[in-house]
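Engineer: Below you'll find structure.txt; it's compact mmCIF, C-alpha atoms.
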```txt
# COMPACT_ATOMS: atom_id res chain seq x y z
CA MET A 1 -22.64 -54.54 10.87
CA GLN A 2 -21.00 -51.39 12.18
CA ARG A 3 -21.48 -51.44 15.92
CA LEU A 4 -21.23 -47.95 17.46
CA THR A 5 -18.23 -47.15 19.63
CA ARG A 6 -18.82 -45.62 23.04
CA ASP A 7 -18.03 -42.18 21.66
CA GLN A 8 -20.36 -42.68 18.69
CA MET A 9 -23.12 -43.68 21.11
CA ALA A 10 -22.45 -40.54 23.12
CA ALA A 11 -22.54 -38.40 19.98
CA ARG A 12 -25.86 -40.01 18.98
CA VAL A 13 -27.41 -39.18 22.36
CA ALA A 14 -26.03 -35.64 22.17
CA ARG A 15 -27.85 -35.12 18.86
CA ASP A 16 -31.18 -35.53 20.67
CA ILE A 17 -30.50 -32.90 23.33
CA PRO A 18 -31.88 -29.54 22.17
CA GLU A 19 -30.66 -26.10 23.12
CA GLY A 20 -32.02 -24.86 26.42
CA SER A 21 -32.40 -28.33 27.94
CA TYR A 22 -31.70 -28.96 31.61
CA VAL A 23 -29.85 -32.29 31.58
CA ASN A 24 -28.33 -34.69 34.07
CA LEU A 25 -25.72 -37.13 32.77
CA GLY A 26 -25.28 -40.22 34.96
CA ILE A 27 -22.02 -41.77 36.04
CA GLY A 28 -20.11 -43.93 33.53
CA LEU A 29 -21.04 -44.11 29.86
CA PRO A 30 -23.51 -41.17 30.00
CA THR A 31 -20.75 -38.84 31.20
CA LEU A 32 -19.22 -39.13 27.70
CA VAL A 33 -22.25 -37.33 26.23
CA GLY A 34 -20.90 -34.08 27.67
CA ASN A 35 -17.91 -34.29 25.31
CA HIS A 36 -20.21 -34.30 22.28
CA LEU A 37 -22.52 -31.38 23.02
CA PRO A 38 -21.70 -28.68 20.45
CA PRO A 39 -20.23 -25.61 22.17
CA ASP A 40 -22.61 -23.28 20.33
CA ARG A 41 -25.65 -25.05 21.79
CA GLU A 42 -26.48 -23.75 25.29
CA ILE A 43 -27.39 -26.73 27.48
CA PHE A 44 -27.56 -26.63 31.27
CA LEU A 45 -25.81 -29.63 32.79
CA HIS A 46 -27.00 -30.51 36.28
CA SER A 47 -24.95 -32.48 38.77
CA GLU A 48 -26.80 -33.95 41.74
CA ASN A 49 -24.21 -32.83 44.26
CA GLY A 50 -25.34 -29.24 43.80
CA LEU A 51 -24.50 -27.48 40.58
CA LEU A 52 -26.14 -26.29 37.38
CA GLY A 53 -24.11 -25.08 34.46
CA MET A 54 -21.38 -27.67 34.85
CA GLY A 55 -18.44 -27.24 32.53
CA PRO A 56 -15.72 -29.65 31.35
CA ALA A 57 -12.84 -31.03 33.40
CA PRO A 58 -10.24 -28.41 34.40
CA ALA A 59 -6.73 -28.35 32.98
CA ALA A 60 -4.22 -30.55 34.77
CA GLY A 61 -3.06 -28.78 37.90
CA ALA A 62 -6.18 -26.60 38.11
CA GLU A 63 -8.34 -29.21 39.90
CA ASP A 64 -10.43 -27.93 42.81
CA TYR A 65 -11.84 -30.81 44.83
CA ASP A 66 -14.53 -28.55 46.27
CA LEU A 67 -15.90 -28.44 42.70
CA ILE A 68 -16.68 -31.99 41.66
CA ASN A 69 -19.34 -33.90 39.76
CA ALA A 70 -21.48 -36.82 40.92
CA GLY A 71 -18.61 -39.18 40.04
CA LYS A 72 -16.38 -37.09 42.32
CA GLN A 73 -14.19 -35.98 39.45
CA PRO A 74 -13.11 -32.34 39.36
CA VAL A 75 -15.13 -30.19 36.96
CA THR A 76 -15.60 -26.50 36.20
CA LEU A 77 -18.52 -24.11 36.38
CA ARG A 78 -19.67 -22.16 33.32
CA PRO A 79 -20.37 -18.43 33.65
CA GLY A 80 -23.99 -18.25 34.80
CA GLY A 81 -23.74 -21.52 36.70
CA ALA A 82 -24.98 -21.89 40.26
CA TYR A 83 -24.41 -23.90 43.44
CA PHE A 84 -27.17 -25.15 45.75
CA HIS A 85 -27.71 -27.68 48.51
CA HIS A 86 -28.74 -31.31 48.17
CA ALA A 87 -32.45 -30.95 48.91
CA ASP A 88 -32.77 -28.24 46.24
CA SER A 89 -30.74 -30.35 43.84
CA PHE A 90 -33.04 -33.33 44.19
CA ALA A 91 -36.11 -31.08 44.06
CA MET A 92 -34.91 -30.23 40.55
CA MET A 93 -35.23 -33.95 39.74
CA ARG A 94 -38.29 -35.04 41.69
CA GLY A 95 -40.09 -31.81 40.93
CA GLY A 96 -39.91 -32.57 37.21
CA HIS A 97 -37.72 -29.58 36.37
CA LEU A 98 -35.03 -31.50 34.49
CA ASP A 99 -35.82 -32.12 30.83
CA ILE A 100 -33.59 -35.13 30.25
CA CYS A 101 -31.51 -37.49 32.29
CA VAL A 102 -29.21 -40.04 30.71
CA LEU A 103 -28.49 -43.16 32.74
CA GLY A 104 -26.51 -46.35 32.34
CA ALA A 105 -28.29 -49.65 32.89
CA PHE A 106 -27.89 -53.36 33.53
CA GLN A 107 -31.34 -54.05 32.06
CA VAL A 108 -34.37 -52.27 30.64
CA SER A 109 -37.72 -54.04 30.25
CA VAL A 110 -40.17 -53.68 27.37
CA GLY A 111 -42.36 -51.69 29.77
CA GLY A 112 -39.58 -49.20 30.49
CA ASP A 113 -38.59 -50.60 33.88
CA LEU A 114 -34.98 -49.82 34.71
CA ALA A 115 -32.42 -51.89 36.65
CA ASN A 116 -29.13 -50.12 37.16
CA TRP A 117 -28.20 -50.00 40.84
CA HIS A 118 -27.60 -53.49 42.14
CA THR A 119 -26.58 -56.81 40.68
CA GLY A 120 -28.14 -58.63 43.62
CA GLY A 121 -26.53 -61.51 45.47
CA ASP A 122 -23.91 -60.58 48.04
CA ALA A 123 -22.65 -57.47 46.24
CA ILE A 124 -22.56 -54.46 48.55
CA PRO A 125 -25.51 -52.33 47.44
CA ALA A 126 -25.13 -48.64 46.61
CA VAL A 127 -27.91 -46.58 45.05
CA GLY A 128 -26.79 -42.94 45.10
CA GLY A 129 -29.15 -40.74 43.12
CA ALA A 130 -30.18 -43.41 40.60
CA MET A 131 -33.74 -43.90 41.86
CA ASP A 132 -34.42 -40.17 42.08
CA LEU A 133 -32.98 -39.55 38.63
CA ALA A 134 -34.87 -42.42 37.03
CA ILE A 135 -38.30 -41.10 37.97
CA GLY A 136 -37.63 -37.38 38.09
CA ALA A 137 -36.76 -36.04 34.65
CA LYS A 138 -39.33 -35.33 31.96
CA ARG A 139 -37.55 -37.88 29.77
CA THR A 140 -35.19 -40.63 30.93
CA PHE A 141 -32.74 -41.92 28.35
CA VAL A 142 -30.79 -45.10 28.89
CA MET A 143 -27.41 -45.59 27.30
CA MET A 144 -25.84 -49.05 27.42
CA GLU A 145 -24.25 -51.86 25.44
CA HIS A 146 -27.03 -53.83 23.77
CA LEU A 147 -25.70 -57.23 24.88
CA THR A 148 -23.87 -58.53 27.93
CA LYS A 149 -20.38 -59.96 27.55
CA SER A 150 -21.97 -63.40 27.22
CA GLY A 151 -24.30 -62.17 24.47
CA ALA A 152 -27.54 -61.91 26.43
CA SER A 153 -29.81 -58.97 25.61
CA LYS A 154 -29.98 -56.20 28.21
CA ILE A 155 -33.40 -55.33 26.83
CA VAL A 156 -35.68 -57.89 28.43
CA GLU A 157 -39.30 -58.86 28.88
CA ARG A 158 -38.92 -58.43 32.64
CA CYS A 159 -35.86 -57.24 34.62
CA THR A 160 -34.19 -59.94 36.70
CA TYR A 161 -31.94 -57.49 38.56
CA PRO A 162 -33.43 -55.33 41.36
CA LEU A 163 -35.43 -52.43 39.92
CA THR A 164 -34.40 -48.78 40.05
CA GLY A 165 -37.73 -47.46 38.74
CA ILE A 166 -40.92 -48.72 37.13
CA GLY A 167 -41.93 -47.65 33.62
CA CYS A 168 -39.54 -44.71 33.72
CA VAL A 169 -37.41 -45.16 30.58
CA SER A 170 -38.48 -43.27 27.46
CA ARG A 171 -35.66 -44.08 25.02
CA ILE A 172 -32.80 -46.59 24.83
CA TYR A 173 -29.49 -45.93 23.05
CA THR A 174 -27.18 -48.89 22.49
CA ASP A 175 -24.24 -49.77 20.27
CA LEU A 176 -26.74 -51.51 17.96
CA ALA A 177 -29.87 -49.36 17.94
CA VAL A 178 -32.02 -46.51 19.18
CA ILE A 179 -35.32 -47.75 20.58
CA ASP A 180 -38.33 -45.88 21.95
CA VAL A 181 -40.36 -47.21 24.83
CA ALA A 182 -44.04 -46.73 23.95
CA PRO A 183 -47.06 -47.65 26.09
CA ASP A 184 -47.69 -50.70 23.90
CA GLY A 185 -44.11 -51.91 23.49
CA LEU A 186 -40.78 -51.05 21.93
CA ILE A 187 -40.38 -49.15 18.68
CA LEU A 188 -37.20 -49.32 16.62
CA VAL A 189 -36.05 -45.81 15.74
CA GLU A 190 -32.85 -46.81 13.97
CA ALA A 191 -30.41 -49.72 13.82
CA CYS A 192 -26.67 -49.46 13.22
CA THR A 193 -25.47 -49.71 9.64
CA GLY A 194 -25.65 -53.24 8.23
CA LEU A 195 -27.94 -54.65 10.93
CA ALA A 196 -31.30 -55.86 9.59
CA HIS A 197 -34.43 -55.42 11.67
CA ALA A 198 -35.02 -59.17 11.90
CA GLU A 199 -31.47 -59.83 13.08
CA LEU A 200 -31.68 -57.06 15.70
CA GLU A 201 -34.96 -58.50 16.96
CA ARG A 202 -33.37 -61.96 17.16
CA LEU A 203 -30.45 -60.56 19.21
CA THR A 204 -32.77 -58.56 21.43
CA GLY A 205 -35.25 -61.36 22.06
CA VAL A 206 -38.30 -59.12 22.35
CA PRO A 207 -40.54 -57.62 19.63
CA LEU A 208 -39.36 -54.31 18.12
CA ARG A 209 -41.95 -52.59 15.97
CA ALA A 210 -40.72 -50.65 12.95
CA MET B 1 -23.05 -11.05 73.95
CA ILE B 2 -23.80 -14.20 71.98
CA ASP B 3 -20.67 -15.94 70.79
CA LYS B 4 -21.09 -19.40 69.25
CA THR B 5 -17.44 -19.69 68.32
CA VAL B 6 -15.39 -22.18 70.31
CA GLU B 7 -11.64 -22.34 70.70
CA SER B 8 -10.97 -25.90 69.59
CA THR B 9 -12.51 -28.84 67.80
CA ALA B 10 -12.39 -30.68 71.14
CA ALA B 11 -14.61 -28.00 72.69
CA ALA B 12 -16.83 -28.16 69.62
CA LEU B 13 -17.50 -31.88 70.20
CA HIS B 14 -18.05 -31.60 73.96
CA GLY B 15 -21.02 -33.57 75.26
CA VAL B 16 -21.67 -35.97 72.37
CA ALA B 17 -23.29 -38.97 74.07
CA ASP B 18 -22.89 -42.68 73.44
CA GLY B 19 -25.67 -43.90 71.15
CA ALA B 20 -26.06 -40.50 69.48
CA THR B 21 -27.20 -40.05 65.88
CA VAL B 22 -24.56 -37.91 64.17
CA MET B 23 -25.00 -36.37 60.73
CA ILE B 24 -21.78 -35.72 58.88
CA GLY B 25 -21.81 -33.41 55.87
CA GLY B 26 -19.98 -34.02 52.65
CA PHE B 27 -20.25 -35.76 49.30
CA GLY B 28 -17.12 -37.86 49.14
CA GLY B 29 -14.37 -35.50 50.21
CA ALA B 30 -16.10 -32.22 49.31
CA GLY B 31 -17.66 -30.73 52.42
CA GLN B 32 -16.52 -33.54 54.69
CA PRO B 33 -15.52 -31.97 58.03
CA ASN B 34 -12.42 -34.09 58.65
CA GLU B 35 -11.19 -32.08 61.64
CA LEU B 36 -14.55 -32.51 63.40
CA ILE B 37 -14.56 -36.25 62.68
CA ASP B 38 -11.06 -36.52 64.14
CA ALA B 39 -12.30 -34.65 67.21
CA LEU B 40 -15.27 -37.04 67.48
CA ILE B 41 -12.85 -39.97 67.43
CA ALA B 42 -10.82 -38.32 70.21
CA GLN B 43 -13.97 -37.43 72.14
CA GLY B 44 -14.80 -41.11 72.49
CA ALA B 45 -18.57 -41.45 71.97
CA ARG B 46 -19.52 -45.00 70.98
CA ASP B 47 -22.43 -46.92 69.50
CA LEU B 48 -23.11 -44.09 67.08
CA THR B 49 -25.54 -43.93 64.18
CA ILE B 50 -23.92 -41.98 61.36
CA VAL B 51 -25.81 -40.22 58.57
CA ASN B 52 -23.65 -39.37 55.55
CA ASN B 53 -23.98 -39.72 51.79
CA ASN B 54 -21.11 -42.21 51.71
CA ALA B 55 -19.43 -44.57 54.14
CA GLY B 56 -15.89 -43.31 54.26
CA ASN B 57 -12.93 -43.11 51.90
CA GLY B 58 -9.45 -44.48 52.49
CA GLU B 59 -8.37 -44.74 56.11
CA THR B 60 -9.04 -41.22 57.37
CA GLY B 61 -12.08 -39.16 58.36
CA LEU B 62 -15.29 -41.19 58.47
CA ALA B 63 -13.37 -44.36 57.54
CA ALA B 64 -11.18 -43.87 60.63
CA LEU B 65 -14.28 -43.46 62.82
CA LEU B 66 -15.65 -46.73 61.44
CA LYS B 67 -12.30 -48.45 61.89
CA ALA B 68 -12.19 -47.33 65.52
CA GLY B 69 -15.32 -49.44 66.05
CA ARG B 70 -17.44 -46.53 67.22
CA VAL B 71 -20.30 -46.83 64.75
CA ARG B 72 -23.24 -49.21 65.13
CA LYS B 73 -25.23 -48.15 62.09
CA ILE B 74 -24.76 -46.02 59.01
CA ILE B 75 -27.53 -44.38 56.99
CA CYS B 76 -26.25 -43.47 53.54
CA SER B 77 -26.89 -43.66 49.78
CA PHE B 78 -23.56 -44.75 48.32
CA PRO B 79 -21.29 -46.82 50.58
CA ARG B 80 -19.42 -48.71 47.86
CA GLN B 81 -16.50 -46.72 46.45
CA VAL B 82 -13.04 -47.39 45.12
CA ASP B 83 -11.55 -46.79 48.54
CA SER B 84 -14.34 -47.84 50.92
CA GLN B 85 -12.41 -50.87 52.16
CA VAL B 86 -13.00 -50.08 55.85
CA PHE B 87 -16.78 -50.01 55.39
CA ASP B 88 -16.70 -53.05 53.08
CA GLY B 89 -14.84 -55.14 55.66
CA LEU B 90 -17.07 -54.22 58.61
CA TYR B 91 -20.25 -54.68 56.57
CA ARG B 92 -19.21 -58.09 55.27
CA ALA B 93 -18.24 -59.13 58.81
CA GLY B 94 -21.73 -58.15 60.02
CA ARG B 95 -20.33 -55.56 62.40
CA LEU B 96 -22.07 -52.55 60.88
CA GLU B 97 -25.76 -52.08 60.15
CA LEU B 98 -26.54 -50.35 56.84
CA GLU B 99 -29.70 -48.42 55.98
CA LEU B 100 -29.42 -47.68 52.27
CA VAL B 101 -31.46 -44.64 51.20
CA PRO B 102 -31.80 -43.11 47.73
CA GLN B 103 -29.82 -39.90 47.78
CA GLY B 104 -32.76 -37.57 47.17
CA ASN B 105 -34.81 -39.30 49.85
CA LEU B 106 -31.85 -38.95 52.19
CA ALA B 107 -31.63 -35.20 51.58
CA GLU B 108 -35.40 -34.73 51.84
CA ARG B 109 -35.74 -36.87 54.99
CA ILE B 110 -33.07 -34.71 56.62
CA ARG B 111 -34.74 -31.53 55.37
CA ALA B 112 -38.12 -32.77 56.62
CA ALA B 113 -36.71 -33.29 60.11
CA GLY B 114 -35.35 -29.76 60.12
CA ALA B 115 -38.62 -28.32 58.85
CA GLY B 116 -40.85 -30.14 61.32
CA ILE B 117 -42.46 -32.35 58.67
CA GLY B 118 -43.71 -35.66 60.05
CA GLY B 119 -43.22 -37.57 56.80
CA PHE B 120 -43.72 -37.14 53.07
CA PHE B 121 -44.82 -39.09 50.02
CA THR B 122 -42.17 -39.46 47.31
CA PRO B 123 -42.25 -41.28 43.97
CA THR B 124 -38.56 -42.22 44.39
CA GLY B 125 -38.06 -45.91 44.99
CA TYR B 126 -41.67 -46.96 44.44
CA GLY B 127 -41.82 -50.64 43.50
CA THR B 128 -38.16 -51.24 44.42
CA GLU B 129 -36.44 -53.18 47.19
CA LEU B 130 -35.72 -49.96 49.02
CA ALA B 131 -39.43 -49.23 49.48
CA LYS B 132 -40.31 -52.72 50.75
CA GLY B 133 -42.70 -52.65 53.68
CA LYS B 134 -43.32 -48.93 53.42
CA GLU B 135 -46.76 -47.36 53.13
CA THR B 136 -47.68 -46.35 49.57
CA ARG B 137 -50.42 -44.14 48.20
CA GLU B 138 -51.77 -43.18 44.81
CA ILE B 139 -51.98 -39.41 44.42
CA ASP B 140 -53.35 -37.96 41.18
CA GLY B 141 -52.66 -41.21 39.35
CA ARG B 142 -49.08 -41.63 40.47
CA MET B 143 -47.69 -43.98 43.12
CA TYR B 144 -45.79 -42.61 46.11
CA VAL B 145 -43.92 -44.04 49.11
CA LEU B 146 -44.19 -42.63 52.64
CA GLU B 147 -40.79 -41.64 54.01
CA ALA B 148 -39.98 -40.56 57.57
CA PRO B 149 -37.79 -37.67 58.68
CA ILE B 150 -34.26 -38.32 59.97
CA HIS B 151 -33.50 -36.36 63.14
CA ALA B 152 -30.05 -36.14 64.64
CA ASP B 153 -28.55 -35.32 68.00
CA VAL B 154 -25.50 -33.76 66.36
CA ALA B 155 -24.59 -32.48 62.89
CA LEU B 156 -20.97 -31.96 61.91
CA ILE B 157 -20.69 -29.78 58.83
CA LYS B 158 -18.01 -27.90 56.95
CA ALA B 159 -18.58 -24.34 55.76
CA GLU B 160 -16.23 -21.75 54.35
CA ARG B 161 -16.91 -18.69 56.47
CA GLY B 162 -19.01 -17.91 59.52
CA ASP B 163 -19.62 -15.35 62.24
CA ARG B 164 -20.20 -15.51 66.00
CA TRP B 165 -23.96 -15.80 65.50
CA GLY B 166 -23.45 -18.94 63.42
CA ASN B 167 -24.33 -17.54 60.00
CA LEU B 168 -22.59 -19.58 57.32
CA VAL B 169 -21.57 -19.50 53.68
CA TYR B 170 -20.10 -22.47 51.86
CA ARG B 171 -17.66 -23.07 49.02
CA LYS B 172 -18.73 -24.51 45.65
CA THR B 173 -20.06 -28.10 45.76
CA ALA B 174 -18.77 -28.52 49.32
CA ARG B 175 -22.17 -27.06 50.31
CA ASN B 176 -24.07 -30.31 49.50
CA PHE B 177 -25.72 -31.68 52.69
CA GLY B 178 -24.51 -28.91 55.05
CA PRO B 179 -27.56 -26.63 55.00
CA VAL B 180 -30.15 -29.40 55.49
CA MET B 181 -28.13 -31.24 58.15
CA ALA B 182 -27.70 -27.98 60.07
CA MET B 183 -31.50 -27.77 60.30
CA ALA B 184 -32.05 -31.37 61.39
CA ALA B 185 -29.83 -31.68 64.46
CA ARG B 186 -30.24 -30.47 68.02
CA LEU B 187 -26.54 -29.54 68.12
CA THR B 188 -24.98 -28.33 64.87
CA VAL B 189 -21.24 -27.81 64.82
CA ALA B 190 -19.76 -26.04 61.82
CA SER B 191 -16.08 -25.90 60.97
CA VAL B 192 -15.12 -22.81 58.96
CA HIS B 193 -11.89 -21.55 57.50
CA GLU B 194 -12.61 -17.97 58.45
CA ILE B 195 -14.54 -16.29 61.24
CA VAL B 196 -15.64 -12.80 60.28
CA ALA B 197 -17.17 -9.95 62.27
CA LEU B 198 -20.96 -9.63 62.46
CA GLY B 199 -22.22 -7.82 59.40
CA GLU B 200 -19.36 -8.85 57.18
CA LEU B 201 -21.30 -11.69 55.58
CA ASP B 202 -23.65 -10.24 53.00
CA PRO B 203 -27.10 -10.93 54.52
CA GLU B 204 -28.47 -11.46 50.98
CA THR B 205 -26.13 -14.41 50.48
CA VAL B 206 -26.06 -16.10 53.90
CA VAL B 207 -26.86 -19.74 53.11
CA THR B 208 -27.35 -21.12 56.61
CA PRO B 209 -28.79 -18.56 59.06
CA GLY B 210 -27.32 -18.79 62.55
CA ILE B 211 -30.53 -20.12 64.15
CA PHE B 212 -29.55 -23.55 62.80
CA VAL B 213 -26.00 -23.47 64.20
CA GLN B 214 -24.90 -23.85 67.83
CA ARG B 215 -21.10 -23.98 67.61
CA VAL B 216 -18.56 -22.61 65.12
CA VAL B 217 -14.89 -23.53 65.14
CA ARG B 218 -12.13 -22.32 62.87
CA VAL B 219 -9.86 -24.90 61.25
CA PRO B 220 -6.90 -24.33 58.93
CA ARG B 221 -7.61 -24.54 55.23
CA THR B 222 -6.52 -27.81 53.66
CA ALA B 223 -6.97 -29.07 50.15
CA THR B 224 -9.93 -31.37 49.64
CA GLY B 225 -8.66 -34.68 48.30
CA PRO B 226 -9.93 -36.75 45.42
CA ALA B 227 -12.14 -39.83 45.83
CA GLY B 228 -13.76 -41.86 43.10
CA PHE B 229 -16.62 -44.26 42.79
CA LYS B 230 -16.19 -47.97 42.38
CA HIS B 231 -18.48 -49.04 39.57
CA ALA B 232 -20.81 -51.96 39.99
CA ALA B 233 -19.98 -55.16 38.13
```
Let's see the structure in the file written out as C-alpha cells.
Structural biologist:
Amino acid sequence: MQRLTRDQMAARVARDIPEGSYVNLGIGLPTLVGNHLPPDREIFLHSENGLLGMGPAPAAGAEDYDLINAGKQPVTLRPGGAYFHHADSFAMMRGGHLDICVLGAFQVSVGGDLANWHTGGDAIPAVGGAMDLAIGAKRTFVMMEHLTKSGASKIVERCTYPLTGIGCVSRIYTDLAVIDVAPDGLILVEACTGLAHAELERLTGVPLRA
Amino acid sequence: MIDKTVESTAAALHGVADGATVMIGGFGGAGQPNELIDALIAQGARDLTIVNNNAGNGETGLAALLKAGRVRKIICSFPRQVDSQVFDGLYRAGRLELELVPQGNLAERIRAAGAGIGGFFTPTGYGTELAKGKETREIDGRMYVLEAPIHADVALIKAERGDRWGNLVYRKTARNFGPVMAMAARLTVASVHEIVALGELDPETVVTPGIFVQRVVRVPRTATGPAGFKHAA
C-alpha cells in the first residue's frame, strides 16, 4: 500500500477546505495544511492568540515576535487581516463562527470523542486552546497517523487517554484513510492506494462502513 | 489634572501586597511585560497567585519570578513548553500549585470578572477532567459547565502606546490577554513604549479605554524573543 506522507495528508485535508472558509489549524501536523492551500483560494486562517487572515512565515530576518501563531512561531498578516484580544478570539470558536478546525490527536473514538491534550500519568498537563477548538468549530477535522509506533490503532472504541471533547470530531484524516464520523458509526470515505477495506478494518480494529 | 503616568517601574508596582492575585499579560513572549515582572521581583511581594497563559520561558520574566520562590499558585492554560524548566522543576517538587484552565475559559473567566458577571455556562471542557466537580446544565439540548470569574488585585500588561488618562493601543498579537486583564484587576499597570498627549490616540481605535487602567509607565522598546511549545509525547 502507498501510505500518505505528512505533506500528502496535509494536501488531502486542504482539498476539503472551500473558498471563504474561516479555519483554525492546530499545532503540529495540522499546521502543514497551510502550505497546501492554493493561493487563488481565499481562506481566512484564524490563530487563537488573536489574528484572522494569517499569512505564511516571514522571510529569514524579517521575523517580528509580536506577530506569532499559536505555536509561537513568527507569521505574517495578509492584507485585510485583523488583530483582536483573547476573549474575542475564543468567542469566534465557542460562538460557532469558525467553519473548520483541524486538530492533531492521540485517539479518536467511534463516537467522535477526541483525546489530544494529555497522555495521563505523571506528564505535566497542558491544554491550551484544544478544548475550546474541539467543540467550537462547525466541523472539527482530526489529522493524525493511523497507528501508533507500536502498531495500535488511534481510532478506538473508547478513548483511554483523557478526553478533550465528547462527540466533537466530524472527519478523520490519516496516512491510511479518510473516515467520516456519523451518528451511527464510522464511514470509510477513501483508503490509500493498495489498501483493501478489510485490511484497513483489521488494522483499525473497529467497524468501518463503506 | 489627572495623570496616571508614573516615573519608574518601581513606582508602578508600589503597594502590591503579599498573597495578591496578579494577572500577567502575554502569550509566550508576545505581550509579556518583562520590565513590570522584573519590578515585581524587586518589589518583594510573596505568596502570589499568578494568572498567565503560560508558566514562564527560560530563566527570565515570569520564570525568574517563579525561581525567586514568590509564587504559591499559577492559573494558566499551557505551562509545558520547550523552555519551561523552572516551572517543571517547581511543579514536580510540589512547590507550586497549578490550576489548569482551557485557554478560552481562561480568557472568558477574566473577561467575566471585568464585566461583573458572576459566572457563565460554557460547552468547553464538558465531560473532561478539567470540568470534574463543576456544575453542569443542559441548555437547548447541549451540555454546559459553570465557570467562575477570575478577579485580580493587580494586572501587569504590555501595550504599545498610551496617554496620561490610561487609554491604550497594542501592537499586533501582543494584544492577546491585555484588554481583558485590564478590566479584571483592581490595579492595572500598563507598560508602554510611547506616552502621547491626550487626543493623539485616535478615539475610534483606542482598544483599552483609560477607565480600566490605573498606572502607565514608559519602558524602552526591546525585541520580543522567540519561545516555542514542547509537544506532548
Engineer: Contacts from chain A to chain B, 10 Å maximum, all atoms listed in the file: show me the residue list as a PyMOL selection string.
Structural biologist: chain A and resi 27-28+47-51+63-74+77+82-91+93-94+106+115-119+122-136+162-166
Engineer: Using all atoms listed in the file for the distances, tell me which of B:Ile74, B:Ala42, B:Val6, B:Ala55 is nearest to Ala190 (chain B).
Structural biologist: B:Val6
Engineer: One decimal, in Å: what's the spacing between CA of Asp40 (chain A) and CA of Pro56 (chain A)?
Structural biologist: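 Pair CA of Asp40 (chain A) / CA of Pro56 (chain A) returns 14.5 Å.
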Engineer: Report, in Å with one decimal, the straight-line distance from CA of Arg6 (chain A) to CA of Gly96 (chain A).
Structural biologist: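 According to the coordinates, CA of Arg6 (chain A) and CA of Gly96 (chain A) are separated by 28.6 Å.
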Engineer: So which one's closest to Val23 (chain A), A:Pro58, A:Arg3, A:His97, A:Met9? Using only C-alpha atoms, please.
Structural biologist: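 Nearest to Val23 (chain A): A:His97.
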Engineer: As an exercise, work out the distance from CA of Ala152 (chain A) to CA of Thr174 (chain A) in Å and give it to one decimal place.
Structural biologist: 13.6 Å
Engineer: Using only C-alpha atoms, pick whichever of A:Ala57, A:Ala198, A:Ile17, A:Leu98 has the shortest atom-to-atom distance to Glu42 (chain A).
Structural biologist: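 Among A:Ala57, A:Ala198, A:Ile17, A:Leu98, it is A:Ile17 that comes nearest to Glu42 (chain A).
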Engineer: Can you work out which one of B:Ala17, B:Ser191, B:Leu65, B:Glu135 has the shortest atom-to-atom distance to Leu156 (chain B), counting all atoms listed in the file?
Structural biologist: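 When distances to Leu156 (chain B) are compared using all atoms listed in the file, the smallest one comes from B:Ser191.
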Engineer: Which residues, written as a list in words, have at least one atom at most 7 Å from Leu36 (chain B), with all atoms listed in the file counted and residues fewer than 3 positions away on the same chain left out?
Structural biologist: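 What passes the distance filter is Thr9, Pro33, Ala39, Leu40 and Leu156 of chain B.
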